file input.txt (compact mmCIF, N, CA, C and O atoms)
# COMPACT_ATOMS: atom_id res chain seq x y z
N MET C 13 -16.93 -8.70 -13.07
CA MET C 13 -18.02 -8.57 -12.14
C MET C 13 -19.20 -7.90 -12.84
O MET C 13 -19.02 -7.10 -13.74
N GLY C 14 -20.38 -8.19 -12.38
CA GLY C 14 -21.59 -7.66 -13.00
C GLY C 14 -21.88 -6.25 -12.56
O GLY C 14 -21.20 -5.66 -11.72
N ALA C 15 -22.92 -5.71 -13.14
CA ALA C 15 -23.36 -4.36 -12.79
C ALA C 15 -23.92 -4.37 -11.37
O ALA C 15 -24.41 -5.39 -10.89
N PRO C 16 -23.84 -3.24 -10.68
CA PRO C 16 -24.37 -3.19 -9.32
C PRO C 16 -25.87 -3.41 -9.31
O PRO C 16 -26.57 -3.08 -10.27
N GLN C 17 -26.36 -3.95 -8.21
CA GLN C 17 -27.79 -4.19 -8.04
C GLN C 17 -28.48 -2.96 -7.47
O GLN C 17 -29.66 -3.00 -7.21
N TRP C 18 -27.76 -1.89 -7.26
CA TRP C 18 -28.30 -0.67 -6.70
C TRP C 18 -28.06 0.46 -7.70
O TRP C 18 -27.26 0.33 -8.61
N LYS C 19 -28.78 1.54 -7.54
CA LYS C 19 -28.64 2.67 -8.45
C LYS C 19 -27.34 3.41 -8.15
O LYS C 19 -27.05 3.77 -7.01
N ASN C 20 -26.56 3.64 -9.17
CA ASN C 20 -25.24 4.26 -9.05
C ASN C 20 -25.39 5.79 -9.05
O ASN C 20 -25.00 6.47 -9.98
N ILE C 21 -25.95 6.34 -7.97
CA ILE C 21 -26.21 7.77 -7.92
C ILE C 21 -24.94 8.60 -7.75
O ILE C 21 -24.96 9.79 -7.99
N TYR C 22 -23.85 7.98 -7.36
CA TYR C 22 -22.60 8.70 -7.16
C TYR C 22 -21.72 8.67 -8.41
O TYR C 22 -20.60 9.15 -8.39
N GLU C 23 -22.24 8.07 -9.48
CA GLU C 23 -21.52 8.00 -10.75
C GLU C 23 -20.13 7.39 -10.60
O GLU C 23 -19.15 7.89 -11.12
N LEU C 24 -20.07 6.29 -9.86
CA LEU C 24 -18.81 5.58 -9.68
C LEU C 24 -18.45 4.87 -10.98
O LEU C 24 -19.32 4.39 -11.70
N SER C 25 -17.17 4.78 -11.23
CA SER C 25 -16.71 4.03 -12.40
C SER C 25 -16.82 2.54 -12.11
O SER C 25 -16.95 2.11 -10.96
N SER C 26 -16.74 1.75 -13.16
CA SER C 26 -16.76 0.29 -12.99
C SER C 26 -15.60 -0.16 -12.12
O SER C 26 -15.76 -1.07 -11.29
N ALA C 27 -14.45 0.47 -12.29
CA ALA C 27 -13.28 0.11 -11.48
C ALA C 27 -13.53 0.42 -10.00
O ALA C 27 -13.16 -0.37 -9.12
N GLN C 28 -14.14 1.56 -9.71
CA GLN C 28 -14.44 1.90 -8.31
C GLN C 28 -15.44 0.91 -7.71
O GLN C 28 -15.27 0.47 -6.57
N ILE C 29 -16.45 0.56 -8.47
CA ILE C 29 -17.44 -0.40 -7.99
C ILE C 29 -16.78 -1.75 -7.71
O ILE C 29 -17.02 -2.37 -6.67
N ASP C 30 -15.93 -2.18 -8.63
CA ASP C 30 -15.22 -3.45 -8.42
C ASP C 30 -14.37 -3.41 -7.16
O ASP C 30 -14.34 -4.38 -6.38
N LYS C 31 -13.68 -2.29 -6.94
CA LYS C 31 -12.84 -2.16 -5.74
C LYS C 31 -13.68 -2.14 -4.47
O LYS C 31 -13.30 -2.72 -3.45
N LEU C 32 -14.83 -1.45 -4.51
CA LEU C 32 -15.71 -1.44 -3.34
C LEU C 32 -16.20 -2.86 -3.02
O LEU C 32 -16.22 -3.26 -1.85
N GLU C 33 -16.58 -3.60 -4.05
CA GLU C 33 -17.03 -4.97 -3.84
C GLU C 33 -15.91 -5.84 -3.30
O GLU C 33 -16.12 -6.67 -2.41
N GLU C 34 -14.70 -5.64 -3.81
CA GLU C 34 -13.55 -6.39 -3.32
C GLU C 34 -13.29 -6.08 -1.85
O GLU C 34 -13.04 -6.98 -1.04
N ALA C 35 -13.37 -4.81 -1.49
CA ALA C 35 -13.16 -4.42 -0.09
C ALA C 35 -14.22 -5.04 0.81
O ALA C 35 -13.90 -5.54 1.90
N GLU C 36 -15.46 -5.01 0.37
CA GLU C 36 -16.53 -5.61 1.19
C GLU C 36 -16.35 -7.12 1.32
O GLU C 36 -16.57 -7.68 2.40
N ASP C 37 -15.92 -7.78 0.25
CA ASP C 37 -15.63 -9.21 0.33
C ASP C 37 -14.51 -9.49 1.33
O ASP C 37 -14.59 -10.44 2.12
N LYS C 38 -13.50 -8.65 1.31
CA LYS C 38 -12.38 -8.82 2.25
C LYS C 38 -12.83 -8.59 3.69
O LYS C 38 -12.38 -9.29 4.60
N MET C 39 -13.72 -7.65 3.89
CA MET C 39 -14.24 -7.42 5.24
C MET C 39 -14.98 -8.65 5.72
O MET C 39 -14.80 -9.09 6.86
N GLU C 40 -15.81 -9.22 4.87
CA GLU C 40 -16.59 -10.40 5.24
C GLU C 40 -15.71 -11.60 5.55
O GLU C 40 -16.06 -12.42 6.39
N SER C 41 -14.56 -11.69 4.89
CA SER C 41 -13.65 -12.81 5.16
C SER C 41 -12.58 -12.43 6.19
O SER C 41 -11.60 -13.15 6.36
N MET C 42 -12.82 -11.31 6.87
CA MET C 42 -11.96 -10.83 7.96
C MET C 42 -10.53 -10.50 7.52
O MET C 42 -9.60 -10.55 8.30
N GLU C 43 -10.38 -10.10 6.28
CA GLU C 43 -9.10 -9.59 5.78
C GLU C 43 -9.17 -8.06 5.90
O GLU C 43 -9.18 -7.33 4.91
N ILE C 44 -9.21 -7.61 7.14
CA ILE C 44 -9.52 -6.21 7.44
C ILE C 44 -8.44 -5.26 6.94
O ILE C 44 -8.76 -4.21 6.38
N ASN C 45 -7.17 -5.61 7.12
CA ASN C 45 -6.11 -4.72 6.65
C ASN C 45 -6.16 -4.54 5.14
O ASN C 45 -5.97 -3.43 4.63
N ASP C 46 -6.43 -5.64 4.42
CA ASP C 46 -6.54 -5.55 2.96
C ASP C 46 -7.73 -4.69 2.56
O ASP C 46 -7.63 -3.87 1.65
N ALA C 47 -8.85 -4.89 3.24
CA ALA C 47 -10.05 -4.09 2.93
C ALA C 47 -9.78 -2.61 3.17
O ALA C 47 -10.12 -1.77 2.32
N GLU C 48 -9.17 -2.30 4.29
CA GLU C 48 -8.88 -0.90 4.60
C GLU C 48 -7.92 -0.31 3.57
O GLU C 48 -8.09 0.84 3.14
N GLY C 49 -6.93 -1.07 3.16
CA GLY C 49 -5.98 -0.59 2.15
C GLY C 49 -6.67 -0.25 0.84
O GLY C 49 -6.38 0.77 0.21
N ILE C 50 -7.59 -1.10 0.42
CA ILE C 50 -8.34 -0.85 -0.81
C ILE C 50 -9.15 0.43 -0.68
O ILE C 50 -9.16 1.29 -1.57
N LEU C 51 -9.85 0.57 0.45
CA LEU C 51 -10.71 1.74 0.65
C LEU C 51 -9.90 3.02 0.74
O LEU C 51 -10.28 4.05 0.16
N LEU C 52 -8.79 2.98 1.45
CA LEU C 52 -7.94 4.18 1.54
C LEU C 52 -7.36 4.54 0.18
O LEU C 52 -7.21 5.73 -0.14
N GLY C 53 -7.05 3.53 -0.63
CA GLY C 53 -6.58 3.79 -1.99
C GLY C 53 -7.65 4.48 -2.82
O GLY C 53 -7.34 5.39 -3.60
N LEU C 54 -8.89 4.05 -2.65
CA LEU C 54 -9.99 4.72 -3.37
C LEU C 54 -10.15 6.16 -2.91
O LEU C 54 -10.45 7.04 -3.72
N LEU C 55 -9.93 6.42 -1.62
CA LEU C 55 -10.04 7.80 -1.12
C LEU C 55 -8.96 8.70 -1.68
O LEU C 55 -9.17 9.90 -1.83
N GLU C 56 -7.80 8.12 -2.00
CA GLU C 56 -6.73 8.93 -2.60
C GLU C 56 -7.20 9.51 -3.93
O GLU C 56 -6.83 10.63 -4.28
N GLY C 57 -8.01 8.76 -4.65
CA GLY C 57 -8.53 9.23 -5.93
C GLY C 57 -9.68 10.21 -5.78
O GLY C 57 -9.90 11.05 -6.65
N ASP C 58 -10.41 10.11 -4.68
CA ASP C 58 -11.56 11.00 -4.44
C ASP C 58 -11.82 11.04 -2.94
O ASP C 58 -12.49 10.18 -2.40
N LYS C 59 -11.29 12.07 -2.29
CA LYS C 59 -11.38 12.17 -0.83
C LYS C 59 -12.80 12.38 -0.32
O LYS C 59 -13.07 12.22 0.86
N ASP C 60 -13.72 12.72 -1.22
CA ASP C 60 -15.11 12.97 -0.84
C ASP C 60 -16.06 11.89 -1.36
O ASP C 60 -17.26 12.13 -1.51
N CYS C 61 -15.55 10.69 -1.61
CA CYS C 61 -16.38 9.62 -2.14
C CYS C 61 -17.24 9.04 -1.02
O CYS C 61 -16.77 8.33 -0.14
N ILE C 62 -18.51 9.40 -1.05
CA ILE C 62 -19.43 9.04 0.03
C ILE C 62 -19.53 7.52 0.25
O ILE C 62 -19.47 7.08 1.40
N PRO C 63 -19.64 6.70 -0.79
CA PRO C 63 -19.69 5.26 -0.52
C PRO C 63 -18.43 4.73 0.19
O PRO C 63 -18.53 3.91 1.10
N VAL C 64 -17.28 5.24 -0.19
CA VAL C 64 -16.04 4.80 0.46
C VAL C 64 -16.02 5.26 1.92
O VAL C 64 -15.67 4.48 2.82
N LEU C 65 -16.38 6.51 2.17
CA LEU C 65 -16.41 7.02 3.54
C LEU C 65 -17.38 6.22 4.41
O LEU C 65 -17.07 5.89 5.56
N ASN C 66 -18.55 5.90 3.85
CA ASN C 66 -19.52 5.10 4.60
C ASN C 66 -18.98 3.71 4.93
O ASN C 66 -19.13 3.23 6.06
N ILE C 67 -18.34 3.07 3.97
CA ILE C 67 -17.82 1.73 4.22
C ILE C 67 -16.66 1.77 5.20
O ILE C 67 -16.52 0.89 6.06
N LEU C 68 -15.83 2.81 5.12
CA LEU C 68 -14.76 2.95 6.12
C LEU C 68 -15.34 3.14 7.52
O LEU C 68 -14.82 2.60 8.50
N GLY C 69 -16.41 3.90 7.63
CA GLY C 69 -17.07 4.05 8.92
C GLY C 69 -17.57 2.71 9.43
O GLY C 69 -17.39 2.36 10.60
N HIS C 70 -18.16 1.93 8.54
CA HIS C 70 -18.66 0.60 8.89
C HIS C 70 -17.52 -0.31 9.32
O HIS C 70 -17.61 -1.01 10.34
N LEU C 71 -16.43 -0.29 8.57
CA LEU C 71 -15.26 -1.11 8.90
C LEU C 71 -14.74 -0.78 10.29
O LEU C 71 -14.50 -1.67 11.11
N HIS C 72 -14.57 0.50 10.56
CA HIS C 72 -14.00 0.90 11.85
C HIS C 72 -14.96 0.65 13.01
O HIS C 72 -14.52 0.27 14.10
N GLY C 73 -16.24 0.83 12.77
CA GLY C 73 -17.20 0.62 13.85
C GLY C 73 -17.46 -0.84 14.13
O GLY C 73 -17.33 -1.30 15.26
N ARG C 74 -17.80 -1.58 13.09
CA ARG C 74 -18.21 -2.97 13.29
C ARG C 74 -17.04 -3.92 13.46
O ARG C 74 -17.06 -4.80 14.31
N TYR C 75 -16.04 -3.79 12.62
CA TYR C 75 -14.96 -4.78 12.60
C TYR C 75 -13.80 -4.44 13.52
O TYR C 75 -13.10 -5.34 13.98
N LEU C 76 -13.57 -3.16 13.78
CA LEU C 76 -12.43 -2.77 14.60
C LEU C 76 -12.83 -2.19 15.95
O LEU C 76 -11.97 -1.94 16.79
N SER C 77 -14.11 -1.97 16.16
CA SER C 77 -14.61 -1.33 17.39
C SER C 77 -13.88 -0.03 17.69
O SER C 77 -13.68 0.35 18.84
N ASP C 78 -13.47 0.66 16.63
CA ASP C 78 -12.84 1.97 16.74
C ASP C 78 -13.94 2.99 16.48
O ASP C 78 -14.08 3.53 15.38
N PHE C 79 -14.74 3.21 17.50
CA PHE C 79 -15.96 4.00 17.35
C PHE C 79 -15.68 5.46 17.03
O PHE C 79 -16.41 6.08 16.26
N GLU C 80 -14.61 6.02 17.60
CA GLU C 80 -14.29 7.42 17.33
C GLU C 80 -13.97 7.64 15.85
O GLU C 80 -14.44 8.60 15.24
N THR C 81 -13.19 6.72 15.27
CA THR C 81 -12.84 6.85 13.85
C THR C 81 -14.08 6.63 12.99
O THR C 81 -14.28 7.34 11.99
N ALA C 82 -14.91 5.67 13.36
CA ALA C 82 -16.16 5.46 12.62
C ALA C 82 -16.99 6.73 12.62
O ALA C 82 -17.50 7.15 11.57
N ILE C 83 -17.12 7.35 13.76
CA ILE C 83 -17.89 8.60 13.88
C ILE C 83 -17.28 9.68 12.99
O ILE C 83 -18.00 10.42 12.31
N ASP C 84 -15.95 9.76 12.97
CA ASP C 84 -15.28 10.75 12.12
C ASP C 84 -15.64 10.54 10.65
O ASP C 84 -15.90 11.51 9.92
N TYR C 85 -15.63 9.30 10.19
CA TYR C 85 -15.99 9.03 8.79
C TYR C 85 -17.44 9.41 8.52
O TYR C 85 -17.75 10.02 7.50
N TYR C 86 -18.33 9.05 9.44
CA TYR C 86 -19.74 9.40 9.23
C TYR C 86 -19.96 10.92 9.30
O TYR C 86 -20.80 11.45 8.58
N ASP C 87 -19.18 11.61 10.13
CA ASP C 87 -19.25 13.08 10.16
C ASP C 87 -18.88 13.66 8.79
O ASP C 87 -19.52 14.60 8.32
N LYS C 88 -17.85 13.10 8.16
CA LYS C 88 -17.44 13.57 6.84
C LYS C 88 -18.57 13.36 5.82
O LYS C 88 -18.84 14.24 5.00
N VAL C 89 -19.20 12.20 5.90
CA VAL C 89 -20.32 11.94 4.98
C VAL C 89 -21.42 12.97 5.18
O VAL C 89 -21.94 13.54 4.23
N LEU C 90 -21.75 13.24 6.44
CA LEU C 90 -22.85 14.15 6.73
C LEU C 90 -22.52 15.60 6.38
O LEU C 90 -23.44 16.38 6.10
N LEU C 91 -21.26 15.96 6.39
CA LEU C 91 -20.88 17.29 5.90
C LEU C 91 -21.14 17.41 4.40
O LEU C 91 -21.56 18.46 3.91
N LEU C 92 -20.88 16.33 3.68
CA LEU C 92 -21.06 16.32 2.23
C LEU C 92 -22.52 16.10 1.84
O LEU C 92 -22.98 16.63 0.82
N GLU C 93 -23.21 15.31 2.63
CA GLU C 93 -24.58 14.92 2.30
C GLU C 93 -25.40 14.88 3.60
O GLU C 93 -25.60 13.81 4.18
N PRO C 94 -25.87 16.02 4.07
CA PRO C 94 -26.54 16.10 5.38
C PRO C 94 -27.76 15.20 5.54
O PRO C 94 -28.09 14.83 6.66
N GLU C 95 -28.38 14.82 4.46
CA GLU C 95 -29.59 13.98 4.55
C GLU C 95 -29.29 12.48 4.46
O GLU C 95 -30.21 11.68 4.33
N ASN C 96 -28.03 12.09 4.55
CA ASN C 96 -27.67 10.68 4.41
C ASN C 96 -28.11 9.92 5.66
O ASN C 96 -27.48 9.99 6.71
N ALA C 97 -29.21 9.20 5.54
CA ALA C 97 -29.81 8.50 6.68
C ALA C 97 -28.91 7.40 7.22
O ALA C 97 -28.82 7.19 8.43
N TRP C 98 -28.23 6.68 6.32
CA TRP C 98 -27.34 5.60 6.77
C TRP C 98 -26.26 6.17 7.69
O TRP C 98 -26.05 5.66 8.80
N ALA C 99 -25.57 7.20 7.26
CA ALA C 99 -24.49 7.78 8.05
C ALA C 99 -25.02 8.34 9.37
O ALA C 99 -24.41 8.16 10.43
N ARG C 100 -26.16 8.99 9.32
CA ARG C 100 -26.74 9.57 10.53
C ARG C 100 -27.08 8.48 11.55
O ARG C 100 -26.76 8.59 12.73
N ASP C 101 -27.71 7.40 11.07
CA ASP C 101 -28.09 6.32 11.98
C ASP C 101 -26.88 5.58 12.55
O ASP C 101 -26.84 5.26 13.74
N GLU C 102 -25.90 5.33 11.70
CA GLU C 102 -24.70 4.62 12.17
C GLU C 102 -23.90 5.49 13.13
O GLU C 102 -23.39 5.00 14.14
N ARG C 103 -23.80 6.77 12.84
CA ARG C 103 -23.08 7.67 13.76
C ARG C 103 -23.77 7.68 15.11
O ARG C 103 -23.12 7.61 16.16
N ARG C 104 -25.09 7.74 15.11
CA ARG C 104 -25.85 7.71 16.36
C ARG C 104 -25.57 6.42 17.13
O ARG C 104 -25.37 6.43 18.34
N ARG C 105 -25.53 5.30 16.42
CA ARG C 105 -25.25 4.01 17.07
C ARG C 105 -23.90 4.02 17.77
O ARG C 105 -23.79 3.61 18.92
N TYR C 106 -22.87 4.50 17.10
CA TYR C 106 -21.54 4.45 17.67
C TYR C 106 -21.30 5.52 18.73
O TYR C 106 -20.46 5.33 19.61
N ARG C 107 -22.03 6.60 18.66
CA ARG C 107 -21.89 7.63 19.70
C ARG C 107 -22.29 7.10 21.07
O ARG C 107 -21.81 7.60 22.09
N ARG C 108 -23.13 6.09 21.12
CA ARG C 108 -23.54 5.51 22.40
C ARG C 108 -22.36 4.87 23.13
O ARG C 108 -22.41 4.73 24.35
N TYR C 109 -21.32 4.50 22.39
CA TYR C 109 -20.18 3.80 22.97
C TYR C 109 -19.03 4.75 23.32
O TYR C 109 -18.03 4.30 23.87
N VAL C 110 -19.17 6.00 22.99
CA VAL C 110 -18.07 6.95 23.15
C VAL C 110 -18.47 7.98 24.22
O VAL C 110 -19.58 8.50 24.20
N THR C 111 -17.55 8.26 25.11
CA THR C 111 -17.78 9.32 26.08
C THR C 111 -16.93 10.52 25.67
O THR C 111 -15.77 10.38 25.30
N TYR C 112 -17.55 11.67 25.70
CA TYR C 112 -16.86 12.91 25.37
C TYR C 112 -16.65 13.70 26.65
O TYR C 112 -17.57 13.86 27.45
N ASP C 113 -15.43 14.16 26.82
CA ASP C 113 -15.12 14.95 28.02
C ASP C 113 -15.50 16.39 27.86
O ASP C 113 -15.59 16.95 26.86
call {"tool": "encode", "arguments": {"input": "input.txt", "output": "structure tokens"}}
result
Amino acid sequence: MGAPQWKNIYELSSAQIDKLEEAEDKMESMEINDAEGILLGLLEGDKDCIPVLNILGHLHGRYLSDFETAIDYYDKVLLLEPENAWARDERRRYRRYVTYD
């Protein structure tokens, strides 16, 4: 696979980038369990990997409609990187679907 078209500010290895791309391809082809397995495997190597946490939030929110879990992933991102606009906006989107008692 080629080099990413975006700036690698998280200093991901080539193997991590390849796995992220593979997971995203699997999501697009609706192989959701496989995509989640790849992403969770990446988290085992780095539990604070912001790109993986963001994609897991996206997977749970968009593909599984598991809004609470999506929010949890975006919360983790925002604890690590409070200025992350993507996570903040996506969390806000999914909070509209969740009622808190």
call {"tool": "atom_distance", "arguments": {"input": "input.txt", "atom1": "atom N of C:Asp37", "atom2": "atom C of C:Ile62"}}
result
15.7 Å
call {"tool": "atom_distance", "arguments": {"input": "input.txt", "atom1": "atom O of C:Ile44", "atom2": "atom C of C:Tyr109"}}
result
21.7 Å
call {"tool": "residues_around", "arguments": {"input": "input.txt", "residues": "stretch 49-54 of chain C", "least_positions_apart": "5", "cutoff": "8 Å", "atoms": "all atoms listed in the file", "output": "short mmCIF file (atom, residue, chain, number, x, y, z; two decimals) with N, CA, C and O atoms, keeping the file's coordinate frame"}}
result
data_model
loop_
_atom_site.label_atom_id
_atom_site.label_comp_id
_atom_site.auth_asym_id
_atom_site.auth_seq_id
_atom_site.Cartn_x
_atom_site.Cartn_y
_atom_site.Cartn_z
N GLN C 28 -14.14 1.56 -9.71
CA GLN C 28 -14.44 1.90 -8.31
C GLN C 28 -15.44 0.91 -7.71
O GLN C 28 -15.27 0.47 -6.57
N LYS C 31 -13.68 -2.29 -6.94
CA LYS C 31 -12.84 -2.16 -5.74
C LYS C 31 -13.68 -2.14 -4.47
O LYS C 31 -13.30 -2.72 -3.45
N LEU C 32 -14.83 -1.45 -4.51
CA LEU C 32 -15.71 -1.44 -3.34
C LEU C 32 -16.20 -2.86 -3.02
O LEU C 32 -16.22 -3.26 -1.85
N GLU C 34 -14.70 -5.64 -3.81
CA GLU C 34 -13.55 -6.39 -3.32
C GLU C 34 -13.29 -6.08 -1.85
O GLU C 34 -13.04 -6.98 -1.04
N ALA C 35 -13.37 -4.81 -1.49
CA ALA C 35 -13.16 -4.42 -0.09
C ALA C 35 -14.22 -5.04 0.81
O ALA C 35 -13.90 -5.54 1.90
N GLU C 36 -15.46 -5.01 0.37
CA GLU C 36 -16.53 -5.61 1.19
C GLU C 36 -16.35 -7.12 1.32
O GLU C 36 -16.57 -7.68 2.40
N GLU C 43 -10.38 -10.10 6.28
CA GLU C 43 -9.10 -9.59 5.78
C GLU C 43 -9.17 -8.06 5.90
O GLU C 43 -9.18 -7.33 4.91
N ILE C 44 -9.21 -7.61 7.14
CA ILE C 44 -9.52 -6.21 7.44
C ILE C 44 -8.44 -5.26 6.94
O ILE C 44 -8.76 -4.21 6.38
N LYS C 59 -11.29 12.07 -2.29
CA LYS C 59 -11.38 12.17 -0.83
C LYS C 59 -12.80 12.38 -0.32
O LYS C 59 -13.07 12.22 0.86
N ASP C 60 -13.72 12.72 -1.22
CA ASP C 60 -15.11 12.97 -0.84
C ASP C 60 -16.06 11.89 -1.36
O ASP C 60 -17.26 12.13 -1.51
N CYS C 61 -15.55 10.69 -1.61
CA CYS C 61 -16.38 9.62 -2.14
C CYS C 61 -17.24 9.04 -1.02
O CYS C 61 -16.77 8.33 -0.14
N VAL C 64 -17.28 5.24 -0.19
CA VAL C 64 -16.04 4.80 0.46
C VAL C 64 -16.02 5.26 1.92
O VAL C 64 -15.67 4.48 2.82
N LEU C 65 -16.38 6.51 2.17
CA LEU C 65 -16.41 7.02 3.54
C LEU C 65 -17.38 6.22 4.41
O LEU C 65 -17.07 5.89 5.56
N ILE C 67 -18.34 3.07 3.97
CA ILE C 67 -17.82 1.73 4.22
C ILE C 67 -16.66 1.77 5.20
O ILE C 67 -16.52 0.89 6.06
N LEU C 68 -15.83 2.81 5.12
CA LEU C 68 -14.76 2.95 6.12
C LEU C 68 -15.34 3.14 7.52
O LEU C 68 -14.82 2.60 8.50
#
call {"tool": "closest_residue", "arguments": {"input": "input.txt", "among": "C:Tyr22, C:Glu80, C:His72, C:Asn66", "to": "C:Trp98", "atoms": "only N, CA, C and O atoms"}}
result
C:Asn66
call {"tool": "residues_around", "arguments": {"input": "input.txt", "residues": "C:Arg103", "least_positions_apart": "2", "cutoff": "7 Å", "atoms": "only N, CA, C and O atoms", "output": "list in words"}}
result
Phe79, Ala82, Ile83, Tyr86, Asp87, Ala97, Trp98, Ala99, Arg100, Asp101, Arg105, Tyr106, Arg107 and Arg108 of chain C
